[in-house]
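Chemist: Submitted below is the structure of interest, expressed as structure tokens.
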2 protein chains.
Amino acid sequence: MTGRILVVDDMEPNIRVLSAKLEAEYYEVLTANSGATAIMMAREQRPDLILLDVMMPQMDGFETCRRLKADPITQHIPVVMVTALDQQTDRVDGLQAGADDFLSKPIDDIALFARVRSLLRLNSVMDELRSHLNNGQGTDATNKLMALSKQTGGKVLVVEESERFGNRIAEKLGKSFSCQITTDPKVASTIAATGFDLILINLATDLFDGLRLCARLRADEATRQLPILCMVDAQAKDRSVRALDLGANDILERPVDRHELRARCQTLLQRRVYAAQLRENIDLSLEMAFSDQLTGLFNRRHLDIKLEELQVRFNDNKEPSVVLIADIDHFKQVNDTWGHVAGDMVLQQLADIMCESFRAIDIICRYGGEEFVVLMPDASLDSAKSAAERFRQVIAATSFDIGQAKEPIRISVSGGLAALQAEQSAKQILSRADAALYHAKKNGRNQMIAAISSKKDTKLTG
Amino acid sequence: MTGRILVVDDMEPNIRVLSAKLEAEYYEVLTANSGATAIMMAREQRPDLILLDVMMPQMDGFETCRRLKADPITQHIPVVMVTALDQQTDRVDGLQAGADDFLSKPIDDIALFARVRSLLRLNSVMDELRSHLNNGQGTDATNKLMALSKQTGGKVLVVEESERFGNRIAEKLGKSFSCQITTDPKVASTIAATGFDLILINLATDLFDGLRLCARLRADEATRQLPILCMVDAQAKDRSVRALDLGANDILERPVDRHELRARCQTLLQRRVYAAQLRENIDLSLEMAFSDQLTGLFNRRHLDIKLEELQVRFNDNKEPSVVLIADIDHFKQVNDTWGHVAGDMVLQQLADIMCESFRAIDIICRYGGEEFVVLMPDASLDSAKSAAERFRQVIAATSFDIGQAKEPIRISVSGGLAALQAEQSAKQILSRADAALYHAKKNGRNQMIAAISSKKDTKLTG
């Protein structure tokens, strides 16, 4: 895992030393000698990570960080602040300015590379997801998500060596966090996926192996995305490195300072909320791509894909499936007489009835204006016709609400059914069902007709 | 980076040794003592990686691998084959059975962990993308992609220490690959993004630093996804490990065997095609979620998002924007007289004219049946009205094709415009434009009317 790192420091020798270290590890290095230059370069070059000195003339590191995190173009880039002294107040200020992590001078190489690896890795998946959403919806969408991700507090699982130590952590976290304490890592890995927002693990104990717990949480799909904050002794650098490499999101040195604890938890929670919203947004958008806006049923795109899949299954395993095309009789009159709003209400209620009338495995699509298609996998023509007939009867017996101060109306549906046949394209199957529908309409409407298939032509049964 | 690894071997002591090594590095280990058990466990437990012994009674490693790679449920799991002897023929057979990589017994720990880390990392992004697409579209969609990804040959960039060595590699690759050779890593990193499917780098030379080139290609966004295959000397294990950690996709030991070279290149290319199609499918689906199927214009969902963004920009910076609602006059007559197909053709041609009539930054949406909305960012009401008026004139002067053997028809459009105002919701702005459209219709159609805004009410100008 490599990447482009922007090193920001007002002292030329510091830049040289840090650049040399990073380049020796095959990172690409960009440099800036002031906050203003850093902001400009971050916007133009989009580095994967920024190492930012705190003490700089004019604009200091805190202010630079605040500005980077307020700019939609640069807000996603992880920022590691480099502090001259190991000051806890600096760390809290930095976290509040939006920094993702800290290193103190003189920089310990092993700590540096562990942080860099961890942040680059965590960011790469987010980057990929963001880029897809941006392609579909424009960058404003993801920026809005970022702004919405400001959450305070959450549910924390504390894994400590004793109840008493756990309570002390809970007390330090304060009231906006609700804590559950356990001293057993097995219990922790069992309950971690039950609604916690964050897990806090003490690595500085011999009573259990906290690193093993980190690994288990990351290996288990249900907890792979759950933020992990590890508490270590300041001198146990190798444990911190190991924890970060195993996928821990952040490290906190003991003795635990309450302000730093809260700030780090807050940062992790916000990142979690952002990541969850990003994923949800993508899932929702992908779902929308295959659904009809008005009724929530599947749309034609989804129908095309699924019908083709059924045809393949039929050709491979002779698994029988049936297609129904249903159409509301005289629907134009509904729109013309009561208006489009009333018409839309009818379509929505009809869609709800369809979902109740057919099986869960049936694929119900809005095909066009008042036309619907139901794909019935693994169904005989007879059983499909019975289902269609029941649906027709429910519709004929239903009063459709068309808005306040208007009498409910009655409608009817006609339908045509066709079973899948060998060597027929999706288009041909739909035409056969459509021909049957045409006969149902011609025959007086409010009826379901099935196309009986033969090798040469298609007959109909009323 | 950790994960769940399935170790498959018929010899209990081998399983014990390998499990102990992996567990010491904090991997979660599952075990199976036969091919059949391995297949069952892979289906049920979905490990992140499989270490598969070649020599097993009954079903050997090749057959087990073939079956794992033929099953939609397990085909995505990387398989590393463990061969008793370092046989090149075994490696080629394994690659053809779908194996992702090889290790020879006795297993070298450093090589083992480098392979495992590399495969787990490469797979994690794919897993995430796949899961989103599955959520939206069902697993069959991604399986189909996998089946489509069988590509043969491609364009390869060979980075060698001499033209002669490069030509030898090209000759070994054979005719299905077209090769370009360079001896300069700077040239390589400059041209890598210009259409190559794969890059082959010699790491066993002192003439240039091949690892640096790997790092540069991975750090650069344009080449981040490009497969890299590194050639190393068998004894230079540390270079292999370093290359894999920097993001090289695969390692090939020198002297280069032509069969192994081709098999590895083929595997990398197929993975590349699959990944590209997965990404494209997600992008396309996300795009579809915000576009109208018939016209390709944006849909209402996109309009809602963008209008809200413009309102925020107006409130923040007083950046003026205008909304136009346009509607085809008497469109119902078109559908009733010439049918829906003709109506759809008119809508499509009108959409094309809209895209030519308005600016590139304008957001053109199909709002409903024959109703369209144009968002004009950073526009005054006067300039927006001129643009709308020009559009109206083009429409009035255009002959619309409605299909073969039919005379082209003429239509007209009416429109209402409204400028964004402080403290108005998107809904209120659309109502104001809609009210103006209503007046345009009442006033005789084929005209554009703007709502003049005042604090108290809205006046109109014809």
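For the structure tokens, the naming scheme is as follows: chains receive sequential letters (A, B, ...) according to their order of presentation, residues are indexed from 1 within each chain, and ligands are indexed from 1 in presentation order.
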Find the residues of chain A in contact range of chain B, meaning any atom within 8 Å when counting only C-alpha atoms, and list them as an MDAnalysis selection string.
Modeler: chainID A and resid 1:4 26:28 125 129 132:133 135:137 140 211:212 215:216 218:220 245:247 279 282:290 302 309
Chemist: Could you pull out the residues in region 11-85 of chain A that DSSP calls helix (DSSP H, G or I) from the backbone, as a VMD selection string?
Modeler: chain A and resid 12 to 24 35 to 45 61 to 70
Chemist: Just write the chosen residues, N, CA, C and O atoms, as a compact mmCIF listing (two decimals), in the first residue's frame.
Modeler:
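Written output follows (out.txt):
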```
# COMPACT_ATOMS: atom_id res chain seq x y z
N GLU A 12 12.84 23.97 6.79
CA GLU A 12 13.36 23.18 5.67
C GLU A 12 14.02 21.87 6.12
O GLU A 12 13.76 20.81 5.54
N PRO A 13 14.87 21.87 7.19
CA PRO A 13 15.52 20.61 7.60
C PRO A 13 14.49 19.54 8.01
O PRO A 13 14.66 18.37 7.69
N ASN A 14 13.43 19.95 8.68
CA ASN A 14 12.39 18.98 9.07
C ASN A 14 11.78 18.32 7.84
O ASN A 14 11.54 17.11 7.81
N ILE A 15 11.48 19.14 6.84
CA ILE A 15 10.90 18.62 5.60
C ILE A 15 11.84 17.60 4.97
O ILE A 15 11.42 16.52 4.56
N ARG A 16 13.14 17.98 4.95
CA ARG A 16 14.12 17.08 4.30
C ARG A 16 14.17 15.73 5.00
O ARG A 16 14.16 14.68 4.35
N VAL A 17 14.25 15.75 6.33
CA VAL A 17 14.36 14.49 7.09
C VAL A 17 13.13 13.61 6.86
O VAL A 17 13.23 12.42 6.54
N LEU A 18 11.95 14.21 6.99
CA LEU A 18 10.72 13.45 6.86
C LEU A 18 10.53 12.92 5.44
O LEU A 18 10.14 11.75 5.24
N SER A 19 10.84 13.76 4.46
CA SER A 19 10.72 13.33 3.06
C SER A 19 11.62 12.13 2.78
O SER A 19 11.20 11.16 2.12
N ALA A 20 12.86 12.21 3.29
CA ALA A 20 13.82 11.13 3.05
C ALA A 20 13.30 9.81 3.63
O ALA A 20 13.35 8.76 2.99
N LYS A 21 12.76 9.89 4.85
CA LYS A 21 12.22 8.68 5.48
C LYS A 21 11.08 8.09 4.66
O LYS A 21 11.01 6.88 4.46
N LEU A 22 10.19 8.94 4.22
CA LEU A 22 9.02 8.46 3.48
C LEU A 22 9.41 7.90 2.12
O LEU A 22 8.90 6.87 1.68
N GLU A 23 10.34 8.60 1.46
CA GLU A 23 10.76 8.12 0.14
C GLU A 23 11.50 6.79 0.22
O GLU A 23 11.37 5.95 -0.67
N ALA A 24 12.23 6.60 1.32
CA ALA A 24 12.93 5.32 1.50
C ALA A 24 11.93 4.18 1.61
O ALA A 24 12.24 3.03 1.29
N GLY A 35 1.06 26.95 5.88
CA GLY A 35 -0.32 26.48 5.86
C GLY A 35 -1.02 26.86 4.57
O GLY A 35 -1.75 26.04 3.98
N ALA A 36 -0.79 28.09 4.12
CA ALA A 36 -1.46 28.57 2.91
C ALA A 36 -1.06 27.73 1.70
O ALA A 36 -1.91 27.32 0.89
N THR A 37 0.25 27.46 1.57
CA THR A 37 0.72 26.64 0.45
C THR A 37 0.14 25.22 0.56
O THR A 37 -0.26 24.62 -0.45
N ALA A 38 0.08 24.71 1.78
CA ALA A 38 -0.45 23.36 1.99
C ALA A 38 -1.89 23.26 1.48
O ALA A 38 -2.25 22.30 0.80
N ILE A 39 -2.69 24.27 1.81
CA ILE A 39 -4.10 24.25 1.40
C ILE A 39 -4.21 24.26 -0.12
O ILE A 39 -4.97 23.50 -0.71
N MET A 40 -3.39 25.12 -0.74
CA MET A 40 -3.40 25.21 -2.20
C MET A 40 -2.98 23.88 -2.83
O MET A 40 -3.64 23.38 -3.75
N MET A 41 -1.90 23.31 -2.29
CA MET A 41 -1.41 22.06 -2.87
C MET A 41 -2.39 20.91 -2.65
O MET A 41 -2.57 20.05 -3.52
N ALA A 42 -3.02 20.91 -1.48
CA ALA A 42 -3.98 19.84 -1.19
C ALA A 42 -5.14 19.89 -2.18
O ALA A 42 -5.61 18.87 -2.67
N ARG A 43 -5.59 21.11 -2.50
CA ARG A 43 -6.69 21.27 -3.46
C ARG A 43 -6.29 20.81 -4.85
O ARG A 43 -7.06 20.17 -5.56
N GLU A 44 -5.05 21.17 -5.24
CA GLU A 44 -4.63 20.89 -6.61
C GLU A 44 -4.13 19.47 -6.82
O GLU A 44 -4.39 18.86 -7.84
N GLN A 45 -3.40 18.94 -5.83
CA GLN A 45 -2.73 17.66 -6.04
C GLN A 45 -3.46 16.48 -5.40
O GLN A 45 -3.13 15.33 -5.67
N GLY A 61 -0.85 24.99 12.49
CA GLY A 61 -1.39 23.71 12.05
C GLY A 61 -2.88 23.54 12.34
O GLY A 61 -3.61 22.99 11.53
N PHE A 62 -3.32 24.03 13.50
CA PHE A 62 -4.73 23.88 13.85
C PHE A 62 -5.62 24.58 12.83
O PHE A 62 -6.61 24.03 12.34
N GLU A 63 -5.26 25.84 12.53
CA GLU A 63 -6.07 26.62 11.60
C GLU A 63 -6.02 26.00 10.19
O GLU A 63 -7.04 25.90 9.51
N THR A 64 -4.82 25.56 9.79
CA THR A 64 -4.69 24.90 8.48
C THR A 64 -5.60 23.68 8.41
O THR A 64 -6.32 23.47 7.43
N CYS A 65 -5.58 22.90 9.48
CA CYS A 65 -6.40 21.69 9.54
C CYS A 65 -7.89 22.04 9.47
O CYS A 65 -8.64 21.43 8.71
N ARG A 66 -8.29 23.05 10.24
CA ARG A 66 -9.70 23.47 10.21
C ARG A 66 -10.12 23.82 8.80
O ARG A 66 -11.20 23.44 8.35
N ARG A 67 -9.26 24.59 8.10
CA ARG A 67 -9.62 25.01 6.73
C ARG A 67 -9.67 23.82 5.77
O ARG A 67 -10.55 23.75 4.91
N LEU A 68 -8.70 22.91 5.90
CA LEU A 68 -8.71 21.72 5.04
C LEU A 68 -9.98 20.91 5.25
O LEU A 68 -10.58 20.39 4.31
N LYS A 69 -10.41 20.82 6.51
CA LYS A 69 -11.57 19.99 6.82
C LYS A 69 -12.90 20.71 6.51
O LYS A 69 -13.96 20.07 6.53
N ALA A 70 -12.82 22.02 6.27
CA ALA A 70 -14.04 22.76 5.93
C ALA A 70 -14.25 22.82 4.42
O ALA A 70 -15.33 23.19 3.96
```
Chemist: Fewer than 2 positions away in the same chain doesn't count, so skip those; otherwise give me all residues within 6 Å of Val159 (chain B), counting only C-alpha atoms, as a VMD selection string.
Modeler: chain B and resid 182 to 183 201
Chemist: Let me see the file: selected residues, all heavy atoms, as a PDB file, in the first residue's frame.
Modeler:
```pdb
ATOM      1  N   THR B 182      10.045  -0.805 -22.893  1.00  0.00           N
ATOM      2  CA  THR B 182      10.816   0.379 -22.534  1.00  0.00           C
ATOM      3  C   THR B 182      11.876  -0.030 -21.513  1.00  0.00           C
ATOM      4  O   THR B 182      11.692  -0.982 -20.751  1.00  0.00           O
ATOM      5  CB  THR B 182       9.941   1.525 -21.981  1.00  0.00           C
ATOM      6  OG1 THR B 182      10.788   2.612 -21.602  1.00  0.00           O
ATOM      7  CG2 THR B 182       9.154   1.089 -20.759  1.00  0.00           C
ATOM      8  N   THR B 183      12.992   0.711 -21.523  1.00  0.00           N
ATOM      9  CA  THR B 183      14.046   0.442 -20.549  1.00  0.00           C
ATOM     10  C   THR B 183      14.119   1.564 -19.535  1.00  0.00           C
ATOM     11  O   THR B 183      14.973   1.559 -18.653  1.00  0.00           O
ATOM     12  CB  THR B 183      15.407   0.318 -21.264  1.00  0.00           C
ATOM     13  OG1 THR B 183      15.629   1.517 -22.010  1.00  0.00           O
ATOM     14  CG2 THR B 183      15.428  -0.872 -22.202  1.00  0.00           C
ATOM     15  N   ILE B 201       7.241  -5.733 -14.925  1.00  0.00           N
ATOM     16  CA  ILE B 201       8.443  -5.011 -14.498  1.00  0.00           C
ATOM     17  C   ILE B 201       9.523  -5.989 -14.051  1.00  0.00           C
ATOM     18  O   ILE B 201       9.276  -6.853 -13.200  1.00  0.00           O
ATOM     19  CB  ILE B 201       8.117  -4.053 -13.336  1.00  0.00           C
ATOM     20  CG1 ILE B 201       6.999  -3.083 -13.737  1.00  0.00           C
ATOM     21  CG2 ILE B 201       9.367  -3.274 -12.908  1.00  0.00           C
ATOM     22  CD1 ILE B 201       6.501  -2.212 -12.601  1.00  0.00           C
TER      23      ILE B 201
END
```
Chemist: Tell me which protein, DNA and RNA residues are within 10 Å of Met345 (chain B), counting only C-alpha atoms, leaving out same-chain ones fewer than 2 positions away, and put them as a VMD selection string.
Modeler: chain B and resid 294 to 295 340 to 343 347 to 351 400 to 403
Chemist: Those same residues - N, CA, C and O atoms - I'd like them written as a PDB file, in the first residue's frame.
Modeler:
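Wrote again_33.pdb, looks like this:
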```pdb
ATOM      1  N   LEU B 294     -36.560   7.104 -20.890  1.00  0.00           N
ATOM      2  CA  LEU B 294     -36.938   7.373 -22.278  1.00  0.00           C
ATOM      3  C   LEU B 294     -36.029   8.402 -22.931  1.00  0.00           C
ATOM      4  O   LEU B 294     -35.556   8.211 -24.050  1.00  0.00           O
ATOM      5  N   THR B 295     -35.785   9.503 -22.225  1.00  0.00           N
ATOM      6  CA  THR B 295     -35.095  10.636 -22.859  1.00  0.00           C
ATOM      7  C   THR B 295     -33.621  10.727 -22.483  1.00  0.00           C
ATOM      8  O   THR B 295     -32.862  11.443 -23.132  1.00  0.00           O
ATOM      9  N   HIS B 340     -48.640   5.886 -28.872  1.00  0.00           N
ATOM     10  CA  HIS B 340     -47.612   6.148 -27.867  1.00  0.00           C
ATOM     11  C   HIS B 340     -46.204   6.127 -28.440  1.00  0.00           C
ATOM     12  O   HIS B 340     -45.333   6.859 -28.003  1.00  0.00           O
ATOM     13  N   VAL B 341     -45.980   5.278 -29.441  1.00  0.00           N
ATOM     14  CA  VAL B 341     -44.639   5.192 -30.023  1.00  0.00           C
ATOM     15  C   VAL B 341     -44.264   6.528 -30.654  1.00  0.00           C
ATOM     16  O   VAL B 341     -43.158   7.049 -30.448  1.00  0.00           O
ATOM     17  N   ALA B 342     -45.207   7.115 -31.380  1.00  0.00           N
ATOM     18  CA  ALA B 342     -44.973   8.428 -31.982  1.00  0.00           C
ATOM     19  C   ALA B 342     -44.746   9.472 -30.890  1.00  0.00           C
ATOM     20  O   ALA B 342     -43.830  10.310 -30.983  1.00  0.00           O
ATOM     21  N   GLY B 343     -45.574   9.398 -29.835  1.00  0.00           N
ATOM     22  CA  GLY B 343     -45.426  10.339 -28.712  1.00  0.00           C
ATOM     23  C   GLY B 343     -44.043  10.250 -28.097  1.00  0.00           C
ATOM     24  O   GLY B 343     -43.396  11.269 -27.823  1.00  0.00           O
ATOM     25  N   LEU B 347     -41.023  13.108 -27.692  1.00  0.00           N
ATOM     26  CA  LEU B 347     -40.370  13.425 -26.414  1.00  0.00           C
ATOM     27  C   LEU B 347     -38.847  13.315 -26.537  1.00  0.00           C
ATOM     28  O   LEU B 347     -38.104  14.154 -26.020  1.00  0.00           O
ATOM     29  N   GLN B 348     -38.383  12.295 -27.229  1.00  0.00           N
ATOM     30  CA  GLN B 348     -36.937  12.103 -27.382  1.00  0.00           C
ATOM     31  C   GLN B 348     -36.302  13.212 -28.216  1.00  0.00           C
ATOM     32  O   GLN B 348     -35.234  13.724 -27.876  1.00  0.00           O
ATOM     33  N   GLN B 349     -36.973  13.606 -29.296  1.00  0.00           N
ATOM     34  CA  GLN B 349     -36.420  14.682 -30.128  1.00  0.00           C
ATOM     35  C   GLN B 349     -36.431  16.009 -29.380  1.00  0.00           C
ATOM     36  O   GLN B 349     -35.486  16.795 -29.466  1.00  0.00           O
ATOM     37  N   LEU B 350     -37.508  16.238 -28.629  1.00  0.00           N
ATOM     38  CA  LEU B 350     -37.571  17.458 -27.833  1.00  0.00           C
ATOM     39  C   LEU B 350     -36.438  17.489 -26.805  1.00  0.00           C
ATOM     40  O   LEU B 350     -35.787  18.523 -26.598  1.00  0.00           O
ATOM     41  N   ALA B 351     -36.160  16.338 -26.183  1.00  0.00           N
ATOM     42  CA  ALA B 351     -35.075  16.276 -25.198  1.00  0.00           C
ATOM     43  C   ALA B 351     -33.743  16.635 -25.848  1.00  0.00           C
ATOM     44  O   ALA B 351     -32.936  17.384 -25.276  1.00  0.00           O
ATOM     45  N   PHE B 400     -41.165  17.297 -36.353  1.00  0.00           N
ATOM     46  CA  PHE B 400     -40.848  16.131 -35.537  1.00  0.00           C
ATOM     47  C   PHE B 400     -41.188  14.853 -36.289  1.00  0.00           C
ATOM     48  O   PHE B 400     -42.325  14.655 -36.722  1.00  0.00           O
ATOM     49  N   ASP B 401     -40.184  14.006 -36.398  1.00  0.00           N
ATOM     50  CA  ASP B 401     -40.334  12.711 -37.055  1.00  0.00           C
ATOM     51  C   ASP B 401     -41.153  11.794 -36.152  1.00  0.00           C
ATOM     52  O   ASP B 401     -40.843  11.631 -34.973  1.00  0.00           O
ATOM     53  N   ILE B 402     -42.220  11.189 -36.683  1.00  0.00           N
ATOM     54  CA  ILE B 402     -43.007  10.248 -35.858  1.00  0.00           C
ATOM     55  C   ILE B 402     -43.051   8.860 -36.494  1.00  0.00           C
ATOM     56  O   ILE B 402     -43.997   8.105 -36.324  1.00  0.00           O
ATOM     57  N   GLY B 403     -42.030   8.542 -37.246  1.00  0.00           N
ATOM     58  CA  GLY B 403     -41.937   7.176 -37.757  1.00  0.00           C
ATOM     59  C   GLY B 403     -42.131   7.095 -39.252  1.00  0.00           C
ATOM     60  O   GLY B 403     -42.632   8.026 -39.883  1.00  0.00           O
TER      61      GLY B 403
END
```
Chemist: What's the 12 Å shell around Gly444 (chain A), counting only C-alpha atoms, without same-chain residues fewer than 2 positions away, as a list in words?
Modeler: Asp329, His330, Ser412, Val413, Ser414, Gly415, Leu437, Tyr438, His439, Ala440, Lys441, Lys442, Asn446, Gln447, Met448, Ile449 and Gly462 of chain A
Chemist: To one decimal in Å, tell me the separation between CA of Met56 (chain B) and CA of Val7 (chain B).
Modeler: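 A separation of 13.0 Å between them.
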Chemist: As a count of residues only, please: all residues of region 155-386 of chain B that backbone DSSP puts in strand (DSSP E or B).
Modeler: 48
Chemist: If I take CA of Ile411 (chain B) and CA of Ala435 (chain B), how far is one from the other in Å, to one decimal?
Modeler: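 CA of Ile411 (chain B) sits 21.8 Å away from CA of Ala435 (chain B).
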Chemist: Fewer than 5 positions away in the same chain doesn't count, so skip those; otherwise give me all residues within 7 Å of Val8 (chain B), counting only C-alpha atoms, as a compact mmCIF listing (two decimals) with C-alpha atoms, in the first residue's frame.
Modeler:
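Written file, around-v3.txt:
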```
# COMPACT_ATOMS: atom_id res chain seq x y z
CA THR B 31 -9.35 -26.34 8.44
CA ALA B 32 -10.45 -29.11 6.06
CA ASN B 33 -8.76 -32.45 5.39
CA SER B 34 -10.17 -33.17 1.91
CA ALA B 38 -13.08 -27.77 1.66
CA LEU B 51 -4.64 -22.34 1.17
CA LEU B 52 -5.05 -25.52 -0.82
CA ASP B 53 -2.71 -28.53 -0.91
```
Chemist: CA of Lys385 (chain B) and CA of Leu417 (chain B) are how many Å apart?
Modeler: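 These two atoms are separated by 7.2 Å.
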Chemist: Determine the nearest neighbour of Glu356 (chain B) from the options B:Ala418, B:Ile395, B:Ala326, B:Ile228, counting only C-alpha atoms.
Modeler: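 Selected residue with least distance to Glu356 (chain B): B:Ile395.
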Chemist: Report as an mmCIF file with all heavy atoms, in the first residue's frame all protein, DNA and RNA residues lying within 8 Å of region 190-197 of chain B, evaluated on only C-alpha atoms, omitting residues in the same chain fewer than 6 positions from it.
Modeler:
```cif
data_model
loop_
_atom_site.group_PDB
_atom_site.id
_atom_site.type_symbol
_atom_site.label_atom_id
_atom_site.label_comp_id
_atom_site.auth_asym_id
_atom_site.auth_seq_id
_atom_site.Cartn_x
_atom_site.Cartn_y
_atom_site.Cartn_z
ATOM 1 N N GLY B 154 -4.085 -9.002 -24.662
ATOM 2 C CA GLY B 154 -4.210 -7.617 -24.260
ATOM 3 C C GLY B 154 -2.931 -6.869 -24.567
ATOM 4 O O GLY B 154 -1.998 -7.420 -25.153
ATOM 5 N N LYS B 155 -2.916 -5.592 -24.121
ATOM 6 C CA LYS B 155 -1.770 -4.730 -24.427
ATOM 7 C C LYS B 155 -0.854 -4.662 -23.207
ATOM 8 O O LYS B 155 -1.285 -4.259 -22.128
ATOM 9 C CB LYS B 155 -2.308 -3.345 -24.792
ATOM 10 C CG LYS B 155 -1.468 -2.621 -25.836
ATOM 11 C CD LYS B 155 -2.134 -1.311 -26.235
ATOM 12 C CE LYS B 155 -1.079 -0.227 -26.429
ATOM 13 N NZ LYS B 155 -1.611 1.115 -26.269
ATOM 14 N N VAL B 156 0.395 -5.066 -23.375
ATOM 15 C CA VAL B 156 1.307 -5.192 -22.237
ATOM 16 C C VAL B 156 2.487 -4.235 -22.364
ATOM 17 O O VAL B 156 3.097 -4.136 -23.429
ATOM 18 C CB VAL B 156 1.846 -6.640 -22.142
ATOM 19 C CG1 VAL B 156 2.797 -6.786 -20.958
ATOM 20 C CG2 VAL B 156 0.696 -7.637 -22.030
ATOM 21 N N LEU B 157 2.787 -3.536 -21.278
ATOM 22 C CA LEU B 157 3.983 -2.690 -21.234
ATOM 23 C C LEU B 157 5.074 -3.457 -20.491
ATOM 24 O O LEU B 157 4.913 -3.818 -19.327
ATOM 25 C CB LEU B 157 3.666 -1.370 -20.517
ATOM 26 C CG LEU B 157 4.815 -0.381 -20.344
ATOM 27 C CD1 LEU B 157 5.392 0.039 -21.690
ATOM 28 C CD2 LEU B 157 4.346 0.860 -19.579
ATOM 29 N N LEU B 217 3.364 3.915 -9.728
ATOM 30 C CA LEU B 217 2.150 3.506 -10.448
ATOM 31 C C LEU B 217 0.967 3.372 -9.488
ATOM 32 O O LEU B 217 -0.165 3.710 -9.821
ATOM 33 C CB LEU B 217 2.385 2.172 -11.169
ATOM 34 C CG LEU B 217 3.365 2.208 -12.350
ATOM 35 C CD1 LEU B 217 3.722 0.791 -12.797
ATOM 36 C CD2 LEU B 217 2.787 3.001 -13.515
ATOM 37 N N ALA B 222 -4.276 7.531 -11.940
ATOM 38 C CA ALA B 222 -4.544 7.032 -13.284
ATOM 39 C C ALA B 222 -4.087 5.584 -13.481
ATOM 40 O O ALA B 222 -4.578 4.892 -14.367
ATOM 41 C CB ALA B 222 -3.874 7.929 -14.316
ATOM 42 N N THR B 223 -3.132 5.141 -12.677
ATOM 43 C CA THR B 223 -2.614 3.774 -12.865
ATOM 44 C C THR B 223 -2.846 2.899 -11.636
ATOM 45 O O THR B 223 -2.324 1.796 -11.541
ATOM 46 C CB THR B 223 -1.101 3.816 -13.165
ATOM 47 O OG1 THR B 223 -0.453 4.608 -12.168
ATOM 48 C CG2 THR B 223 -0.831 4.410 -14.523
ATOM 49 N N LEU B 226 -4.146 -0.531 -12.493
ATOM 50 C CA LEU B 226 -3.457 -1.286 -13.540
ATOM 51 C C LEU B 226 -2.703 -2.484 -12.941
ATOM 52 O O LEU B 226 -1.902 -2.317 -12.032
ATOM 53 C CB LEU B 226 -2.478 -0.347 -14.252
ATOM 54 C CG LEU B 226 -1.802 -0.862 -15.521
ATOM 55 C CD1 LEU B 226 -2.828 -1.088 -16.622
ATOM 56 C CD2 LEU B 226 -0.747 0.147 -15.996
ATOM 57 N N PRO B 227 -2.938 -3.702 -13.454
ATOM 58 C CA PRO B 227 -2.244 -4.869 -12.894
ATOM 59 C C PRO B 227 -0.735 -4.792 -13.134
ATOM 60 O O PRO B 227 -0.306 -4.432 -14.229
ATOM 61 C CB PRO B 227 -2.831 -6.047 -13.674
ATOM 62 C CG PRO B 227 -4.057 -5.553 -14.333
ATOM 63 C CD PRO B 227 -3.881 -4.085 -14.522
ATOM 64 N N LEU B 269 -5.325 -10.401 -16.332
ATOM 65 C CA LEU B 269 -6.194 -9.686 -17.269
ATOM 66 C C LEU B 269 -7.658 -9.972 -16.991
ATOM 67 O O LEU B 269 -8.494 -9.072 -17.038
ATOM 68 C CB LEU B 269 -5.856 -10.088 -18.705
ATOM 69 C CG LEU B 269 -4.586 -9.444 -19.236
ATOM 70 C CD1 LEU B 269 -4.257 -9.985 -20.608
ATOM 71 C CD2 LEU B 269 -4.769 -7.928 -19.286
ATOM 72 N N ARG B 272 -8.714 -8.045 -14.107
ATOM 73 C CA ARG B 272 -8.836 -6.632 -14.449
ATOM 74 C C ARG B 272 -10.156 -6.345 -15.155
ATOM 75 O O ARG B 272 -10.849 -5.386 -14.835
ATOM 76 C CB ARG B 272 -7.680 -6.217 -15.358
ATOM 77 C CG ARG B 272 -7.807 -4.819 -15.931
ATOM 78 C CD ARG B 272 -6.585 -4.504 -16.777
ATOM 79 N NE ARG B 272 -6.761 -3.368 -17.647
ATOM 80 C CZ ARG B 272 -6.732 -2.116 -17.239
ATOM 81 N NH1 ARG B 272 -6.567 -1.843 -15.962
ATOM 82 N NH2 ARG B 272 -6.882 -1.115 -18.089
#
```
